[in-house]
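**Student:** Supplied structure: work.txt, compact mmCIF, C-alpha atoms and all ligand atoms.
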```txt
# COMPACT_ATOMS: atom_id res chain seq x y z
CA MET A 1 -6.93 0.44 -6.35
CA THR A 2 -3.33 0.67 -7.52
CA GLN A 3 -0.78 1.47 -4.88
CA SER A 4 2.34 1.42 -6.98
CA GLY A 5 4.62 4.17 -5.71
CA GLN A 6 1.53 6.20 -4.93
CA ARG A 7 1.01 7.89 -1.56
CA HIS A 8 -1.44 5.80 0.40
CA LEU A 9 -2.69 4.99 3.87
CA LEU A 10 -2.85 1.62 5.65
CA ARG A 11 -5.37 1.30 8.46
CA GLY A 12 -5.08 -1.32 11.19
CA ARG A 13 -3.90 -2.02 14.72
CA VAL A 14 -0.38 -0.62 14.65
CA LEU A 15 2.39 -2.10 16.82
CA THR A 16 6.02 -0.97 16.79
CA PHE A 17 8.87 -0.83 19.30
CA GLN A 18 11.13 1.94 20.60
CA SER A 19 13.14 -0.33 22.90
CA GLU A 20 12.98 -3.87 24.25
CA PRO A 21 9.88 -4.43 26.42
CA GLN A 22 10.01 -6.93 29.26
CA THR A 23 6.27 -6.92 30.03
CA GLU A 24 3.08 -5.35 28.70
CA ALA A 25 3.32 -2.73 31.46
CA ASP A 26 6.55 -1.50 29.84
CA THR A 27 4.56 0.95 27.71
CA GLU A 28 7.51 3.29 27.07
CA ALA A 29 9.07 0.51 25.00
CA TYR A 30 6.33 0.17 22.41
CA THR A 31 3.60 2.04 20.57
CA TYR A 32 0.27 0.32 20.09
CA ILE A 33 -2.51 2.19 18.31
CA GLU A 34 -5.85 0.40 18.25
CA ASP A 35 -7.29 2.36 15.32
CA GLY A 36 -3.95 3.22 13.80
CA ALA A 37 -2.66 4.22 10.42
CA LEU A 38 0.53 4.49 8.42
CA VAL A 39 0.93 6.91 5.53
CA ILE A 40 3.27 5.47 2.91
CA SER A 41 4.93 7.49 0.21
CA ALA A 42 7.87 6.83 -2.11
CA GLY A 43 8.57 3.50 -0.38
CA ARG A 44 8.88 5.04 3.07
CA ILE A 45 6.68 5.57 6.09
CA GLU A 46 5.73 9.22 6.01
CA ALA A 47 3.62 9.21 9.17
CA ILE A 48 2.34 6.93 11.94
CA GLY A 49 -0.61 7.83 14.11
CA THR A 50 -4.29 7.35 14.72
CA TYR A 51 -6.54 6.90 11.73
CA ASP A 52 -8.49 10.00 12.69
CA ASP A 53 -5.34 12.11 12.71
CA LEU A 54 -3.91 10.79 9.45
CA LYS A 55 -6.91 10.33 7.15
CA GLN A 56 -7.12 12.86 4.35
CA PRO A 57 -9.68 13.44 1.63
CA GLY A 58 -8.48 11.87 -1.61
CA LEU A 59 -5.77 9.72 0.04
CA ALA A 60 -6.05 6.07 -1.07
CA GLU A 61 -6.68 3.70 1.86
CA THR A 62 -6.33 -0.01 2.54
CA ASP A 63 -8.27 -1.13 5.58
CA HIS A 64 -6.50 -4.02 7.30
CA ARG A 65 -8.65 -3.98 10.45
CA PRO A 66 -8.88 -6.02 12.63
CA HIS A 67 -5.35 -7.18 11.77
CA LEU A 68 -2.09 -5.96 13.28
CA LEU A 69 0.44 -3.90 11.32
CA LEU A 70 4.04 -4.60 12.38
CA PRO A 71 7.47 -4.01 10.84
CA GLY A 72 8.48 -6.81 8.44
CA PHE A 73 10.36 -9.67 10.10
CA ILE A 74 14.14 -9.99 9.96
CA ASP A 75 15.84 -13.41 9.75
CA MET A 76 19.45 -13.05 10.94
CA HIS A 77 20.91 -16.32 9.64
CA LEU A 78 19.97 -18.78 6.93
CA HIS A 79 21.42 -20.54 3.90
CA PHE A 80 20.05 -19.71 0.47
CA PRO A 81 21.41 -22.92 -1.19
CA GLN A 82 19.72 -25.12 1.42
CA VAL A 83 16.13 -24.65 0.31
CA GLN A 84 16.14 -28.32 -0.73
CA VAL A 85 18.10 -29.51 2.33
CA ILE A 86 15.44 -28.68 4.92
CA ALA A 87 14.00 -31.86 6.48
CA SER A 88 16.99 -34.15 5.82
CA TRP A 89 16.84 -37.07 8.22
CA GLY A 90 18.94 -38.38 11.03
CA ASP A 91 22.30 -36.65 11.30
CA GLN A 92 23.98 -34.15 13.56
CA LEU A 93 25.99 -31.21 12.23
CA LEU A 94 29.13 -32.65 10.62
CA ASP A 95 27.45 -35.69 9.05
CA TRP A 96 24.49 -33.55 8.02
CA LEU A 97 26.87 -31.21 6.19
CA ASN A 98 28.70 -34.05 4.43
CA ASN A 99 25.72 -36.26 3.64
CA TYR A 100 23.07 -33.74 2.66
CA THR A 101 24.22 -30.14 2.56
CA PHE A 102 27.42 -30.18 0.53
CA PRO A 103 25.92 -32.35 -2.26
CA GLU A 104 22.98 -29.95 -2.53
CA GLU A 105 25.15 -26.83 -2.52
CA MET A 106 27.17 -28.31 -5.41
CA ARG A 107 24.12 -27.95 -7.63
CA PHE A 108 24.45 -24.16 -7.37
CA ALA A 109 27.34 -24.31 -9.84
CA ASP A 110 24.53 -24.32 -12.40
CA GLN A 111 23.43 -20.71 -12.83
CA GLY A 112 19.97 -21.70 -14.04
CA HIS A 113 19.43 -23.67 -10.84
CA ALA A 114 20.66 -20.78 -8.67
CA ASP A 115 18.34 -18.35 -10.47
CA ASP A 116 15.33 -20.67 -10.08
CA MET A 117 16.08 -21.23 -6.40
CA ALA A 118 16.45 -17.48 -5.78
CA ALA A 119 12.96 -16.82 -7.11
CA ALA A 120 11.54 -19.63 -4.94
CA PHE A 121 13.52 -18.44 -1.91
CA TYR A 122 12.13 -14.90 -1.98
CA ASN A 123 8.59 -16.08 -2.66
CA ILE A 124 8.83 -18.19 0.48
CA LEU A 125 10.42 -15.50 2.66
CA LEU A 126 7.77 -12.96 1.72
CA ALA A 127 4.92 -15.41 2.24
CA GLN A 128 6.28 -15.79 5.80
CA GLY A 129 6.44 -12.03 6.41
CA THR A 130 10.25 -11.93 6.28
CA THR A 131 11.33 -8.78 4.48
CA THR A 132 15.04 -8.77 5.40
CA ALA A 133 17.47 -11.64 5.93
CA MET A 134 21.19 -12.34 6.18
CA ALA A 135 22.05 -15.43 4.16
CA PHE A 136 25.00 -17.52 3.14
CA CYS A 137 25.09 -18.24 -0.57
CA SER A 138 27.04 -21.22 -1.95
CA VAL A 139 30.75 -21.05 -2.77
CA HIS A 140 29.88 -20.07 -6.34
CA ALA A 141 29.92 -16.34 -7.05
CA GLY A 142 26.94 -16.95 -9.33
CA SER A 143 24.79 -17.97 -6.39
CA ALA A 144 25.41 -14.59 -4.73
CA GLU A 145 24.69 -12.96 -8.06
CA ALA A 146 21.33 -14.76 -8.22
CA TYR A 147 20.62 -13.88 -4.59
CA PHE A 148 21.25 -10.15 -4.97
CA THR A 149 19.74 -9.85 -8.44
CA GLU A 150 16.43 -11.31 -7.32
CA ALA A 151 16.40 -9.20 -4.12
CA ALA A 152 17.02 -6.06 -6.19
CA ARG A 153 14.18 -6.97 -8.54
CA ARG A 154 11.89 -7.05 -5.50
CA ASN A 155 13.49 -3.99 -3.88
CA MET A 156 14.22 -5.97 -0.71
CA CYS A 157 16.79 -5.08 1.93
CA MET A 158 18.91 -8.23 1.90
CA ILE A 159 22.30 -9.08 3.32
CA GLY A 160 24.43 -11.95 2.09
CA GLY A 161 27.62 -13.26 0.68
CA LYS A 162 29.30 -16.06 -1.20
CA VAL A 163 30.56 -18.59 1.30
CA MET A 164 34.36 -19.00 1.51
CA MET A 165 35.58 -22.59 2.02
CA ASP A 166 38.84 -24.20 0.93
CA ARG A 167 39.09 -27.48 2.84
CA ASN A 168 37.14 -30.31 4.48
CA ALA A 169 34.53 -30.22 1.75
CA PRO A 170 34.20 -31.82 -1.71
CA ASP A 171 36.65 -30.35 -4.26
CA ALA A 172 33.74 -29.00 -6.27
CA LEU A 173 32.78 -26.83 -3.30
CA CYS A 174 36.24 -25.49 -2.53
CA ASP A 175 37.59 -22.16 -3.63
CA THR A 176 41.12 -20.99 -2.78
CA PRO A 177 42.24 -18.14 -0.55
CA GLN A 178 42.91 -16.03 -3.65
CA SER A 179 39.75 -16.88 -5.59
CA ALA A 180 37.63 -16.34 -2.47
CA TYR A 181 39.25 -12.95 -2.05
CA ASP A 182 38.82 -12.00 -5.70
CA ASP A 183 35.22 -13.20 -5.98
CA THR A 184 34.21 -11.57 -2.69
CA LYS A 185 35.90 -8.31 -3.63
CA ALA A 186 34.11 -8.23 -6.97
CA LEU A 187 30.76 -9.01 -5.35
CA ILE A 188 31.23 -6.29 -2.73
CA GLU A 189 32.03 -3.77 -5.43
CA ARG A 190 29.10 -4.88 -7.49
CA TRP A 191 26.47 -5.17 -4.77
CA HIS A 192 27.27 -3.56 -1.42
CA GLY A 193 25.23 -0.38 -1.09
CA LYS A 194 23.53 -0.91 -4.43
CA GLY A 195 19.85 -0.23 -3.78
CA ARG A 196 19.04 -1.96 -0.51
CA ALA A 197 21.78 -4.64 -0.67
CA HIS A 198 24.47 -5.19 1.96
CA TYR A 199 27.38 -7.59 1.64
CA ALA A 200 28.43 -10.04 4.36
CA ILE A 201 31.97 -11.46 4.17
CA SER A 202 31.25 -15.14 4.75
CA PRO A 203 33.95 -17.62 5.81
CA ARG A 204 31.71 -20.66 6.43
CA PHE A 205 33.39 -21.76 9.67
CA ALA A 206 36.85 -22.55 10.99
CA ILE A 207 36.69 -26.17 9.82
CA THR A 208 36.24 -25.33 6.13
CA SER A 209 38.82 -22.54 5.89
CA THR A 210 42.60 -22.88 6.01
CA PRO A 211 44.55 -20.31 8.00
CA ALA A 212 45.53 -18.79 4.65
CA GLN A 213 41.89 -18.28 3.76
CA MET A 214 41.09 -16.87 7.20
CA GLU A 215 43.92 -14.41 6.64
CA MET A 216 42.35 -13.37 3.33
CA ALA A 217 38.97 -12.98 5.01
CA GLY A 218 40.60 -10.71 7.58
CA THR A 219 42.13 -8.64 4.79
CA LEU A 220 38.70 -8.23 3.22
CA VAL A 221 37.27 -7.11 6.58
CA ARG A 222 40.03 -4.49 6.95
CA GLU A 223 39.51 -3.29 3.40
CA HIS A 224 35.73 -3.25 3.72
CA PRO A 225 34.74 -2.19 7.24
CA GLU A 226 31.35 -1.23 5.80
CA CYS A 227 30.48 -4.90 5.22
CA TYR A 228 29.01 -7.41 7.65
CA ILE A 229 30.74 -10.66 8.60
CA GLN A 230 28.89 -13.94 9.05
CA THR A 231 30.12 -17.32 10.19
CA HIS A 232 29.34 -20.14 12.65
CA LEU A 233 30.53 -20.61 16.24
CA SER A 234 30.33 -23.45 18.78
CA GLU A 235 27.24 -25.17 17.47
CA ASN A 236 28.17 -28.77 18.14
CA LYS A 237 30.64 -30.56 20.43
CA ASP A 238 32.34 -32.58 17.64
CA GLU A 239 32.65 -29.38 15.59
CA ILE A 240 34.39 -27.66 18.52
CA SER A 241 36.87 -30.55 19.01
CA PHE A 242 37.68 -30.65 15.30
CA THR A 243 38.19 -26.87 15.26
CA LYS A 244 40.56 -27.04 18.22
CA ALA A 245 42.55 -29.78 16.48
CA LEU A 246 42.81 -27.70 13.30
CA TYR A 247 43.80 -24.52 15.16
CA PRO A 248 45.88 -25.79 18.11
CA GLN A 249 47.25 -22.33 18.91
CA ALA A 250 43.82 -20.79 19.42
CA ARG A 251 42.71 -20.20 23.01
CA ASP A 252 39.20 -21.35 22.05
CA TYR A 253 36.89 -21.45 19.02
CA LEU A 254 36.14 -17.72 18.94
CA ASP A 255 39.85 -16.98 19.18
CA VAL A 256 40.33 -18.51 15.72
CA TYR A 257 38.15 -15.76 14.29
CA GLN A 258 39.65 -13.11 16.56
CA THR A 259 43.16 -14.00 15.42
CA TYR A 260 42.20 -13.04 11.88
CA GLY A 261 40.29 -9.86 12.75
CA LEU A 262 36.88 -11.37 12.02
CA VAL A 263 35.15 -10.45 15.28
CA THR A 264 33.66 -6.96 15.34
CA GLU A 265 30.28 -5.39 16.09
CA LYS A 266 29.38 -6.25 12.48
CA SER A 267 29.98 -9.99 13.06
CA PHE A 268 27.09 -12.43 13.27
CA LEU A 269 27.99 -15.80 14.76
CA GLY A 270 25.45 -18.52 14.13
CA HIS A 271 24.54 -20.73 17.13
CA ALA A 272 27.13 -19.83 19.83
CA ILE A 273 25.77 -22.54 22.13
CA HIS A 274 28.72 -24.11 23.90
CA LEU A 275 30.68 -21.01 24.87
CA GLU A 276 33.59 -20.80 27.28
CA PRO A 277 33.84 -17.89 29.76
CA ARG A 278 36.61 -16.20 27.77
CA GLU A 279 34.54 -16.35 24.61
CA ILE A 280 31.65 -14.65 26.37
CA GLU A 281 34.00 -11.91 27.60
CA ALA A 282 35.30 -11.48 24.07
CA LEU A 283 31.76 -11.13 22.72
CA VAL A 284 31.14 -8.38 25.27
CA GLU A 285 34.37 -6.59 24.36
CA THR A 286 33.93 -6.80 20.60
CA GLY A 287 30.15 -6.23 20.42
CA ALA A 288 29.80 -9.22 18.07
CA HIS A 289 26.39 -10.88 17.85
CA PRO A 290 25.58 -14.52 18.58
CA VAL A 291 22.56 -15.71 16.59
CA PHE A 292 19.99 -17.99 18.20
CA CYS A 293 18.60 -20.55 15.72
CA PRO A 294 16.12 -22.56 17.80
CA THR A 295 14.54 -24.86 15.21
CA SER A 296 17.97 -25.76 13.87
CA ASN A 297 19.49 -26.35 17.31
CA LEU A 298 16.67 -28.74 18.16
CA PHE A 299 16.64 -30.43 14.75
CA LEU A 300 20.40 -31.15 14.72
CA GLY A 301 20.42 -31.88 18.45
CA SER A 302 23.05 -29.18 18.86
CA GLY A 303 22.14 -27.83 22.29
CA LEU A 304 20.31 -25.07 24.14
CA PHE A 305 21.19 -21.41 23.52
CA ASP A 306 21.75 -19.56 26.80
CA ASP A 307 19.80 -16.42 25.99
CA ALA A 308 19.52 -15.15 29.57
CA GLY A 309 23.21 -15.75 30.28
CA LEU A 310 24.29 -13.75 27.24
CA ARG A 311 21.73 -11.00 27.87
CA ALA A 312 22.94 -10.65 31.43
CA GLN A 313 26.33 -9.69 29.98
CA GLY A 314 24.75 -7.07 27.72
CA ILE A 315 25.37 -9.13 24.56
CA GLN A 316 22.90 -8.44 21.75
CA SER A 317 21.93 -11.70 20.11
CA GLY A 318 20.04 -12.08 16.88
CA ILE A 319 17.38 -14.71 16.19
CA ALA A 320 17.03 -16.68 12.98
CA THR A 321 15.66 -19.71 11.16
CA ASP A 322 18.97 -21.22 9.90
CA ILE A 323 17.27 -22.87 6.94
CA GLY A 324 18.10 -25.66 5.93
CA ALA A 325 19.04 -27.06 9.37
CA GLY A 326 16.14 -24.99 10.66
CA THR A 327 12.79 -26.61 10.08
CA SER A 328 10.59 -23.59 9.38
CA TYR A 329 11.00 -20.39 7.38
CA SER A 330 8.49 -18.76 9.72
CA MET A 331 9.86 -16.30 12.26
CA LEU A 332 6.65 -16.97 14.23
CA GLN A 333 7.52 -20.67 14.44
CA THR A 334 11.10 -19.70 15.26
CA LEU A 335 9.75 -17.82 18.29
CA ASN A 336 7.60 -20.82 19.18
CA GLU A 337 10.61 -23.13 19.35
CA GLY A 338 12.76 -20.41 20.91
CA TYR A 339 10.24 -20.08 23.71
CA LYS A 340 10.53 -23.83 24.38
CA VAL A 341 14.33 -23.82 24.29
CA LEU A 342 14.28 -21.12 26.96
CA GLN A 343 11.63 -22.98 28.98
CA LEU A 344 13.93 -26.01 29.14
CA GLN A 345 16.46 -23.77 30.88
CA GLY A 346 14.02 -22.02 33.22
CA GLN A 347 14.22 -18.85 31.09
CA LYS A 348 11.35 -16.74 29.74
CA LEU A 349 10.52 -15.21 26.38
CA HIS A 350 7.74 -12.66 26.81
CA PRO A 351 5.69 -12.25 23.60
CA LEU A 352 6.35 -8.50 23.42
CA ARG A 353 10.09 -9.11 23.74
CA ALA A 354 9.76 -11.88 21.15
CA PHE A 355 8.13 -9.62 18.55
CA HIS A 356 10.62 -6.88 19.35
CA TRP A 357 13.43 -9.38 18.68
CA ILE A 358 12.29 -10.40 15.17
CA THR A 359 11.75 -6.75 14.19
CA ARG A 360 13.64 -3.91 15.91
CA GLY A 361 15.95 -6.21 17.92
CA ASN A 362 17.53 -7.80 14.85
CA ALA A 363 17.57 -4.37 13.14
CA VAL A 364 19.49 -2.84 16.06
CA ALA A 365 22.02 -5.69 15.96
CA LEU A 366 22.52 -4.84 12.27
CA GLY A 367 22.76 -1.12 13.01
CA LEU A 368 19.92 -0.61 10.53
CA GLU A 369 17.15 0.47 12.91
CA ASP A 370 16.82 3.84 11.18
CA ARG A 371 15.80 2.01 7.97
CA ILE A 372 14.08 -1.26 8.98
CA GLY A 373 12.58 -2.99 12.02
CA THR A 374 10.29 -0.19 13.18
CA LEU A 375 7.36 1.78 11.80
CA SER A 376 8.91 5.15 12.61
CA ALA A 377 8.37 8.00 10.15
CA GLY A 378 11.28 7.97 7.72
CA SER A 379 11.75 4.19 7.80
CA ASP A 380 11.48 2.06 4.71
CA ALA A 381 7.91 0.78 4.42
CA ASP A 382 8.55 -2.94 5.03
CA ILE A 383 5.39 -4.00 6.82
CA VAL A 384 3.68 -7.23 7.79
CA VAL A 385 -0.06 -7.58 8.38
CA LEU A 386 -0.84 -10.26 10.98
CA ASN A 387 -4.11 -12.12 11.45
CA SER A 388 -4.26 -13.71 14.89
CA GLN A 389 -7.41 -15.62 13.91
CA ALA A 390 -5.99 -17.10 10.74
CA THR A 391 -6.97 -20.71 11.46
CA PRO A 392 -10.03 -22.15 13.19
CA GLU A 393 -7.94 -23.21 16.17
CA MET A 394 -6.34 -19.77 16.48
CA ALA A 395 -9.75 -18.09 16.20
CA LEU A 396 -11.15 -20.35 18.91
CA ARG A 397 -8.24 -19.62 21.22
CA ALA A 398 -8.37 -15.89 20.41
CA LEU A 399 -11.93 -15.72 21.77
CA ARG A 400 -10.39 -16.13 25.23
CA ALA A 401 -7.57 -13.61 24.72
CA THR A 402 -7.94 -10.42 26.71
CA SER A 403 -4.68 -8.60 26.09
CA LEU A 404 -2.26 -7.69 23.32
CA SER A 405 0.39 -9.96 24.87
CA GLU A 406 -1.98 -12.91 24.81
CA GLU A 407 -2.82 -12.25 21.17
CA LEU A 408 0.88 -12.05 20.28
CA PHE A 409 1.54 -15.25 22.16
CA ILE A 410 -1.16 -17.05 20.15
CA LEU A 411 0.45 -15.72 16.97
CA MET A 412 3.93 -16.96 17.91
CA MET A 413 2.84 -20.34 19.22
CA MET A 414 0.17 -21.20 16.64
CA GLY A 415 0.91 -18.88 13.71
CA ASP A 416 2.82 -19.43 10.47
CA ASP A 417 2.41 -18.19 6.90
CA ARG A 418 -1.36 -18.51 7.26
CA ALA A 419 -1.24 -15.67 9.79
CA ILE A 420 0.55 -13.39 7.31
CA SER A 421 -2.35 -11.57 5.73
CA GLN A 422 -0.31 -9.11 3.68
CA VAL A 423 3.29 -7.94 3.28
CA TYR A 424 4.62 -4.63 1.98
CA VAL A 425 8.18 -4.20 0.71
CA ALA A 426 9.22 -0.55 0.36
CA GLY A 427 5.52 0.27 0.29
CA GLU A 428 4.62 -2.25 -2.41
CA ARG A 429 1.94 -4.80 -1.64
CA GLN A 430 3.29 -8.33 -2.21
CA LYS A 431 0.19 -10.49 -2.11
CA ARG A 432 -1.81 -9.87 -5.22
CA ASP A 433 -4.95 -11.73 -4.20
CA ALA A 434 -7.51 -8.95 -3.65
CA ARG A 435 -9.07 -10.97 -0.82
CA ALA A 436 -5.76 -11.03 1.04
CA ALA A 437 -6.25 -7.56 2.48
N1 LIG B 501 28.24 -24.81 10.19
C1 LIG B 501 28.90 -24.67 9.03
N2 LIG B 501 28.07 -24.69 7.98
C2 LIG B 501 26.84 -24.84 8.48
C3 LIG B 501 25.55 -24.93 7.88
O1 LIG B 501 25.38 -24.88 6.68
N3 LIG B 501 24.51 -25.09 8.75
C4 LIG B 501 24.68 -25.14 10.09
N4 LIG B 501 23.61 -25.30 10.88
N5 LIG B 501 25.87 -25.07 10.67
C5 LIG B 501 26.94 -24.93 9.88
ZN ZN B 502 24.13 -21.60 9.38
```
Reformat the file's structure so that it appears as structure tokens.
**Tutor:**
Amino acid sequence: MTQSGQRHLLRGRVLTFQSEPQTEADTEAYTYIEDGALVISAGRIEAIGTYDDLKQPGLAETDHRPHLLLPGFIDMHLHFPQVQVIASWGDQLLDWLNNYTFPEEMRFADQGHADDMAAAFYNILLAQGTTTAMAFCSVHAGSAEAYFTEAARRNMCMIGGKVMMDRNAPDALCDTPQSAYDDTKALIERWHGKGRAHYAISPRFAITSTPAQMEMAGTLVREHPECYIQTHLSENKDEISFTKALYPQARDYLDVYQTYGLVTEKSFLGHAIHLEPREIEALVETGAHPVFCPTSNLFLGSGLFDDAGLRAQGIQSGIATDIGAGTSYSMLQTLNEGYKVLQLQGQKLHPLRAFHWITRGNAVALGLEDRIGTLSAGSDADIVVLNSQATPEMALRALRATSLSEELFILMMMGDDRAISQVYVAGERQKRDARAA
């Protein structure tokens, strides 16, 4: 059966969210259809409903039962040039950057290397059920070119940008305020809004940008309010001290970014662990989004993200892998570690809320929930097919599961790419193995 561009129906157990559920009883927040179906046409979801209501004579079908059909996962923060940095031993943030990360990012000056890594990067994301991500590229414009070119070839909704950095890094990784401005401007013009691409203006963090470069980044944000902004905030105590020494006039770390107009509802601030009360107030006022990166925060020993504290203020956080400080590309494993980070603080992550977060939750933070993150009619058909019995140990555990929440919890605690049975990007099946239905 060919499905290319053709109208077709997927059958399975459909799960999608309308708002954030707190418990399984919160049935207004989600739609779960036991014998459900999605009709896909021209890359979009045309209809969602029961199989009986949507089946039509002559309409091609793929039967994914007993698996779950969910919106494709969204990874809100990772680093494309760090695919070969993951699992680098022993250091915390600043040493890890100097000893492992910067040397690896230097290799992206070679366009052939960037192109090869882009192909590998998207193969991995899709195998993990991640259909949208927001990534930092290296300082080289060519790395962003490779990143967007490969995403376009696969028709993926991807967000990213060339990182801007002009100090406290090897010379080979430094641009200048002007070249960062010029390269970013050219990349925005070339890629933002082209197909499914979105540009993120990407000053790496306060430590690696001079005030002059921050100023240029602010100019870009004013000139391109349609673009996202991504950077890092308060990940590590030494990082915070160094930042305060470099920007002595700033009230706190976030104030550095605020001074240059970099904090808006389109800003995504990786980590945001060690926040001061004023910074939390400023996040509320600006609508900017902290991004929780649990595997990275544990791996680098950075600290525990205060999800409940931020939520209590109405702040909408994203959740992400942060490859290559993160240790898994899997958003399921990200939830696993996120659950444990919250447990250490006496906080809870209900499995329904968890799956909402990696789908609609991240999409809402992006303001893209009309396109991605749900299975609503009209959305782009980015879909993941989940098998909660993918391994013998999951199957054994699943025998004792009596509710949807329990099944989802097994998936997030025990699942990884083996639980991703199939992935659709804009309606196109990604796994070619006929057995991988
Ligand atoms: N802060 C600045 N750059 C980085 C990076 O590449 N990874 C992480 N985890 N934190 C950063
Ligand atoms: Zn990061």
**Student:** Enclose ligand LIG 501 (chain B), meaning all of its atoms listed in the file, in a box aligned along x, y and z, pad it by 3 Å on each side, and list the centre and edge lengths in Å to one decimal, as JSON.
**Tutor:**
```
{"center_x": 26.3, "center_y": -25.0, "center_z": 8.8, "size_x": 11.3, "size_y": 6.6, "size_z": 10.2}
```
**Student:** Given the choices A:Asp95, A:Asp52, A:Asp35, A:Asp166, which gets closest to A:Pro66 if the distance is worked out from only C-alpha atoms?
**Tutor:**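 Smallest distance to A:Pro66 is found for A:Asp35.
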**Student:** Give me the residues near A:His79 as a list of chain:residue names, where near means some atom within 9 Å (using only C-alpha atoms) and where sequence neighbours in that chain fewer than 6 positions away do not count.
**Tutor:**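 Using only C-alpha atoms, the neighbours found are A:Met134, A:Ala135, A:Phe136, A:Cys137, A:Ser138, A:Asp322, A:Ile323, A:Gly324, A:Ala325.
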**Student:** Could those selected residues go to a file with C-alpha atoms, as a PDB file, in the coordinates of the input?
**Tutor:**
```pdb
ATOM      1  CA  MET A 134      21.190 -12.340   6.180  1.00  0.00           C
ATOM      2  CA  ALA A 135      22.050 -15.430   4.160  1.00  0.00           C
ATOM      3  CA  PHE A 136      25.000 -17.520   3.140  1.00  0.00           C
ATOM      4  CA  CYS A 137      25.090 -18.240  -0.570  1.00  0.00           C
ATOM      5  CA  SER A 138      27.040 -21.220  -1.950  1.00  0.00           C
ATOM      6  CA  ASP A 322      18.970 -21.220   9.900  1.00  0.00           C
ATOM      7  CA  ILE A 323      17.270 -22.870   6.940  1.00  0.00           C
ATOM      8  CA  GLY A 324      18.100 -25.660   5.930  1.00  0.00           C
ATOM      9  CA  ALA A 325      19.040 -27.060   9.370  1.00  0.00           C
TER      10      ALA A 325
END
```
**Student:** Report as a PyMOL selection string all protein, DNA and RNA residues lying within 10 Å of A:Glu406, evaluated on only C-alpha atoms, omitting residues in the same chain fewer than 5 positions from it.
**Tutor:** chain A and resi 24+350-352+397-398+400-401+411-412
**Student:** For the selection you just gave me, I'd like the residues written to a file as an mmCIF file, in the frame of the given file, keeping C-alpha atoms.
**Tutor:**
```cif
data_model
loop_
_atom_site.group_PDB
_atom_site.id
_atom_site.type_symbol
_atom_site.label_atom_id
_atom_site.label_comp_id
_atom_site.auth_asym_id
_atom_site.auth_seq_id
_atom_site.Cartn_x
_atom_site.Cartn_y
_atom_site.Cartn_z
ATOM 1 C CA GLU A 24 3.080 -5.350 28.700
ATOM 2 C CA HIS A 350 7.740 -12.660 26.810
ATOM 3 C CA PRO A 351 5.690 -12.250 23.600
ATOM 4 C CA LEU A 352 6.350 -8.500 23.420
ATOM 5 C CA ARG A 397 -8.240 -19.620 21.220
ATOM 6 C CA ALA A 398 -8.370 -15.890 20.410
ATOM 7 C CA ARG A 400 -10.390 -16.130 25.230
ATOM 8 C CA ALA A 401 -7.570 -13.610 24.720
ATOM 9 C CA LEU A 411 0.450 -15.720 16.970
ATOM 10 C CA MET A 412 3.930 -16.960 17.910
#
```
**Student:** Mind pulling up the distance from atom CA of A:Leu335 to atom CA of A:Ala47?
**Tutor:** 29.2 Å
**Student:** Which residue out of A:Arg153, A:His67, A:His224, A:Lys237 has the minimum interatomic distance to ligand LIG 501 (chain B) when only C-alpha atoms and all ligand atoms are used?
**Tutor:**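 Under the stated criterion, the closest residue is A:Lys237.
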**Student:** Please fill the gaps in stretch 83-92 of chain A so it has N, CA and C atoms, and write that as a PDB file, in the coordinates of the input.
**Tutor:**
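Output below, filename result22.pdb:
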```
ATOM      1  N   VAL A  83      17.595 -24.577   0.393  1.00  0.00           N
ATOM      2  CA  VAL A  83      16.130 -24.650   0.310  1.00  0.00           C
ATOM      3  C   VAL A  83      15.647 -26.081   0.060  1.00  0.00           C
ATOM      4  N   GLN A  84      16.522 -26.920  -0.513  1.00  0.00           N
ATOM      5  CA  GLN A  84      16.140 -28.320  -0.730  1.00  0.00           C
ATOM      6  C   GLN A  84      16.889 -29.270   0.215  1.00  0.00           C
ATOM      7  N   VAL A  85      17.446 -28.693   1.300  1.00  0.00           N
ATOM      8  CA  VAL A  85      18.100 -29.510   2.330  1.00  0.00           C
ATOM      9  C   VAL A  85      17.192 -29.660   3.547  1.00  0.00           C
ATOM     10  N   ILE A  86      16.361 -28.671   3.769  1.00  0.00           N
ATOM     11  CA  ILE A  86      15.440 -28.680   4.920  1.00  0.00           C
ATOM     12  C   ILE A  86      14.756 -30.055   5.005  1.00  0.00           C
ATOM     13  N   ALA A  87      14.623 -30.557   6.251  1.00  0.00           N
ATOM     14  CA  ALA A  87      14.000 -31.860   6.480  1.00  0.00           C
ATOM     15  C   ALA A  87      14.831 -33.015   5.901  1.00  0.00           C
ATOM     16  N   SER A  88      16.127 -33.022   6.191  1.00  0.00           N
ATOM     17  CA  SER A  88      16.990 -34.150   5.820  1.00  0.00           C
ATOM     18  C   SER A  88      17.286 -34.958   7.089  1.00  0.00           C
ATOM     19  N   TRP A  89      17.011 -36.236   7.036  1.00  0.00           N
ATOM     20  CA  TRP A  89      16.840 -37.070   8.220  1.00  0.00           C
ATOM     21  C   TRP A  89      18.128 -37.524   8.921  1.00  0.00           C
ATOM     22  N   GLY A  90      18.111 -37.504  10.210  1.00  0.00           N
ATOM     23  CA  GLY A  90      18.940 -38.380  11.030  1.00  0.00           C
ATOM     24  C   GLY A  90      20.274 -37.922  11.556  1.00  0.00           C
ATOM     25  N   ASP A  91      20.925 -36.940  10.916  1.00  0.00           N
ATOM     26  CA  ASP A  91      22.300 -36.650  11.300  1.00  0.00           C
ATOM     27  C   ASP A  91      22.437 -35.436  12.198  1.00  0.00           C
ATOM     28  N   GLN A  92      23.593 -35.377  12.874  1.00  0.00           N
ATOM     29  CA  GLN A  92      23.980 -34.150  13.560  1.00  0.00           C
ATOM     30  C   GLN A  92      24.944 -33.370  12.654  1.00  0.00           C
TER      31      GLN A  92
END
```
